[in-house]
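Everything below concerns the one structure shown next.
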Amino acid sequence: MSWKAFTKSLLFHSNKIVRRLKSFVLHAHPPPPPPHVVRRPPSSDELPAAADVTVCKVEGGLLMSPSTFPYFMLVALEAGGLFRGLLLLLLYPVLLLLGHDRATKLMVMVSFAGVRKEKDGSPSFRVGRAVMPKLFLEDVSAEVFDAAARRRRLVCVSSMPREMVEPFLKEYLAVDAVVAPELRAFRGYYLGLAESDGEVMQRLDMEEVIGMKERGGAGDGDGDGQVTVVGIAGLGNSFHQLFQNYCKEVYVASEWARRRWRPLHPRRYAKPLIFHDGRVAFRPTTSATLAMFVWLPLAVPLALLRVALIVVVLPFSLAAPIAAALGIHCRCIAASTLRAAAVLDLFVCNHRSLLDPLYVSAVAGRADLAAATYSISRLSEILAPIRTFRLTRDRAADRAAMQAHLSRSRRGGGGGGLVVCPEGTTCREPFLLRFSPLFTELGADVQPVALHSEVAMFHGTTAGGWKMLDPFFLLMNPSPAYVVHFLDPVAGGGGGPEVANEVQRRIAETLGYTCTALTRRDKYLVLAGNDGVVANNNKSN
């Protein structure tokens, strides 16, 4: 009998473990709902018309992804480095067994422990402000946001740290309030620990957050000044008391409904996402992150080989075919012919990366062109296969130096032409920053060049990292691609902002981009908290 009892006990516990594994991996068992849960996907038609406030869970509710792993992986890679990201990847099987809430605490510990809270004088978490919004916004459900945003007030709840989620929620989705735990810090460094749900609700005046004090209380919203609150649930059990105590109904979407959700269109953002930073150019899911770590041992020597052959060893005239053989794709489009590019000396293009002048020079077949740059690293200047023409940001001095350079070219004195990026800094998104009219004051005809670049793994630009590594990160991509489009020349004439705006408009129209009046200073205020003018050239552009 003892053997039979032991067998039954073993089978019982084995089945229990298997059911638990399935519930964690497949999310088959949601937390037990309160009595007023409505098990159907939220939509603007189904939410009560009299509802005043929507309380929406971010993970699994507002966001389409069933996992928060990519967001913490992005923090680990951007704020902690490759080794921290590798550690988080190795812990992924453990995270599957812990459940959502415990896994979130472990990911907070791995991603944030030892990370600096303040950097370059900025009191906020730079990765959360400058890097995270793009990844979050691409995962926002249009159906859920449309249903939630039509209420008078929208409150978002998350078990992820406030430093991660608040910037994108408040700045780009215009959420009224965010309920999320704050990270604990000691002497300017995060400890990897966050507040508990109870501590968050004690720190915040929940009635003020919900908006009850504006209407005098909570209730059924029958016209007596009371507030009707509905909830949209998500992953995990965090802040379940908030939903139980304040929400009249809570909507839960099924897996079938989630699969039909579509991402929110950028036109629905409260403000356009124009600037973002970071090196990671892909969504760091488990499989994509694993592919990156597998690729890295090949990417570093490949980048060095590309630099050595294209930039240092071989003649510049062989750069294009060698680059194609090494996986660098370049497509040239000419409005009519490239005959004008062989005659004109002033090339004006939008700024996508540090290699823009090299592509323009290679496609135009002009090895005599010089790149007019504001602040690049000494290493980039040494490695550049074409001459670099350093500008000082002194308008009068820069204009005189550029005119002298073009004058030597016209006299045959070996000056050569100029490639100018009047935006003054790079922009990754389909927007063009304001074109400085300095190039229009040179009295030369302008050859506009529209540039579009695509990368799959790493961005070759940064606002808060080491600028000297930009070309290496760009060349570490498996197949970086460029499109170089030569437009019809524009007469320089008398110069002025009108010509600069016309060149900007033509380039934007060709690429399908949007013109803006933003400048380099605006970019660095958003991404780095400064005006972009720093003493160390290795960290500014």
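Just so we're on the same page: first chain in the structure tokens is A, next is B, and so on; residues restart at 1 for each chain, and ligands are numbered from 1 in the order they show up.
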inquiry  = Residues near stretch 362-365 of chain A, anyone? I mean within 12 Å using only C-alpha atoms, not counting same-chain ones fewer than 3 positions away, as a PyMOL selection string.
reply    = chain A and resi 310-311+315-323+330-334+337-345+347+355-359+368-370+385-386+417+419+447+449+451+482-486
key: DSSP strand (DSSP E) selection over stretch 170-402 of chain A, as a PyMOL selection string   = chain A and resi 177-179+183-186+189-194+229-232+249-251+329-334+346-349+370-373+387-390
Filtering to C-alpha atoms, could you give me those residues as a compact mmCIF listing (two decimals), in the first residue's frame?
# COMPACT_ATOMS: atom_id res chain seq x y z
CA ALA A 177 -2.06 59.74 -14.97
CA VAL A 178 0.36 56.83 -14.62
CA VAL A 179 0.30 54.42 -11.69
CA LEU A 183 12.79 52.34 -8.64
CA ARG A 184 14.82 52.54 -5.44
CA ALA A 185 18.18 54.24 -5.72
CA PHE A 186 21.20 54.85 -3.54
CA TYR A 189 22.55 54.29 -8.71
CA TYR A 190 19.51 52.06 -9.06
CA LEU A 191 19.36 49.11 -6.67
CA GLY A 192 17.27 46.92 -8.96
CA LEU A 193 14.32 47.07 -6.55
CA ALA A 194 10.94 48.72 -7.08
CA VAL A 229 -14.83 54.03 -13.86
CA VAL A 230 -14.26 51.09 -16.20
CA GLY A 231 -11.12 49.01 -16.41
CA ILE A 232 -9.16 47.17 -19.08
CA GLU A 249 -16.65 46.86 -15.00
CA VAL A 250 -13.35 45.32 -16.06
CA TYR A 251 -12.87 44.13 -19.64
CA HIS A 329 23.81 47.67 -50.74
CA CYS A 330 23.54 50.99 -52.55
CA ARG A 331 20.90 52.02 -55.06
CA CYS A 332 21.35 55.13 -57.20
CA ILE A 333 18.43 57.06 -58.71
CA ALA A 334 18.95 60.07 -60.97
CA LEU A 346 27.96 72.06 -54.11
CA PHE A 347 26.01 68.94 -53.07
CA VAL A 348 23.30 69.35 -50.44
CA CYS A 349 21.74 66.27 -48.83
CA ALA A 370 35.11 67.21 -49.33
CA ALA A 371 32.64 66.64 -46.49
CA ALA A 372 31.67 69.76 -44.57
CA THR A 373 31.23 68.57 -40.97
CA ARG A 387 38.71 65.08 -47.26
CA THR A 388 36.75 66.50 -44.34
CA PHE A 389 36.07 70.22 -44.07
CA ARG A 390 35.55 71.17 -40.43
query = Residues at most 8 Å from A:Leu442, counting only C-alpha atoms, excluding those fewer than 3 positions away in the same chain, as a list in words?
reply =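 Those residues are Arg399, Met402, Gln403, Leu438, Phe439, Gly492 and Gly495 of chain A.
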Å distance separating atom CA of A:Ala463 from atom CA of A:Phe435, one decimal place =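 About the pair atom CA of A:Ala463 and atom CA of A:Phe435: they are 19.3 Å apart.
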inquiry  = Set the distance at 6 Å and use only C-alpha atoms: which residues neighbour stretch 259-268 of chain A once local chain neighbours fewer than 3 positions away are removed? I'd like the list as a PyMOL selection string.
reply    = chain A and resi 139-142+256
ask   = Which of these, A:Val157, A:Ala397, A:Leu63, A:Ile328, has the shortest distance to A:Ala180 once you count only C-alpha atoms?
value =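 That would be A:Val157, the residue with the smallest distance to A:Ala180.
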key: All residues 7 Å or closer to stretch 456-460 of chain A, only C-alpha atoms, same chain fewer than 3 positions away omitted, as a list in words   =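 My list of contacting residues is Arg279, Val280, Ala281, Phe282, Ser353, Asp470, Pro471, Phe473, Leu474 and Asn477 of chain A.
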Please dump the current selection as a compact mmCIF listing (two decimals), in the first residue's frame; keep N, CA and C atoms.
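Saved the output as selection_39.txt:
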# COMPACT_ATOMS: atom_id res chain seq x y z
N ARG A 279 21.31 52.23 -29.77
CA ARG A 279 22.00 51.48 -30.82
C ARG A 279 21.17 50.34 -31.39
N VAL A 280 20.27 49.77 -30.60
CA VAL A 280 19.50 48.59 -31.04
C VAL A 280 18.44 49.03 -32.03
N ALA A 281 18.46 48.46 -33.22
CA ALA A 281 17.54 48.85 -34.29
C ALA A 281 16.43 47.84 -34.51
N PHE A 282 16.30 46.83 -33.66
CA PHE A 282 15.27 45.80 -33.84
C PHE A 282 14.53 45.63 -32.52
N SER A 353 23.51 59.44 -41.75
CA SER A 353 24.59 58.85 -40.96
C SER A 353 25.89 59.55 -41.34
N ASP A 470 30.25 55.28 -34.35
CA ASP A 470 29.12 55.29 -35.28
C ASP A 470 29.38 54.51 -36.56
N PRO A 471 30.49 54.76 -37.28
CA PRO A 471 30.70 54.00 -38.53
C PRO A 471 30.86 52.51 -38.30
N PHE A 473 29.39 50.67 -35.85
CA PHE A 473 28.08 50.08 -35.61
C PHE A 473 27.29 49.98 -36.91
N LEU A 474 27.40 50.98 -37.77
CA LEU A 474 26.68 50.93 -39.04
C LEU A 474 27.18 49.78 -39.90
N ASN A 477 26.15 45.90 -39.29
CA ASN A 477 24.88 45.34 -39.76
C ASN A 477 25.14 44.32 -40.86
message = Give me, as a ChimeraX atom specification, all polymer residues having an atom no more than 7 Å from A:Phe72, counting only C-alpha atoms and skipping those fewer than 4 positions away in the same chain.
response = /A:68,76,107,111
Got time to write the residues from that selection, C-alpha atoms, as a JSON list (two decimals), in the first residue's frame?
[["chain", "number", "residue", "atom", "x", "y", "z"],
["A", 68, "THR", "CA", 7.48, 42.44, -21.35],
["A", 76, "ALA", "CA", 19.70, 45.95, -20.26],
["A", 107, "MET", "CA", 13.95, 41.49, -14.86],
["A", 111, "SER", "CA", 18.23, 45.32, -15.96]]
Expected answer as a PyMOL selection string: alpha helix (DSSP H) residues in stretch 172-348 of chain A = chain A and resi 172+197-203+206-210+212-215+240-246+255-259+286-306+319-325
message = Would you pick out the contacts of A:Lys57 at 6 Å or less, using only C-alpha atoms, so that residues sharing its chain but fewer than 6 positions from it are not included, and give the list as a list of chain:residue names?
response =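 That gives A:Cys156, A:Val157, A:Ser158, A:Ala233, A:Gly234.
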key: Separation of atom CA of A:Arg283 from atom CA of A:Val131, in Å and rounded to one decimal   =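 Between these atoms lies a distance of 11.9 Å.
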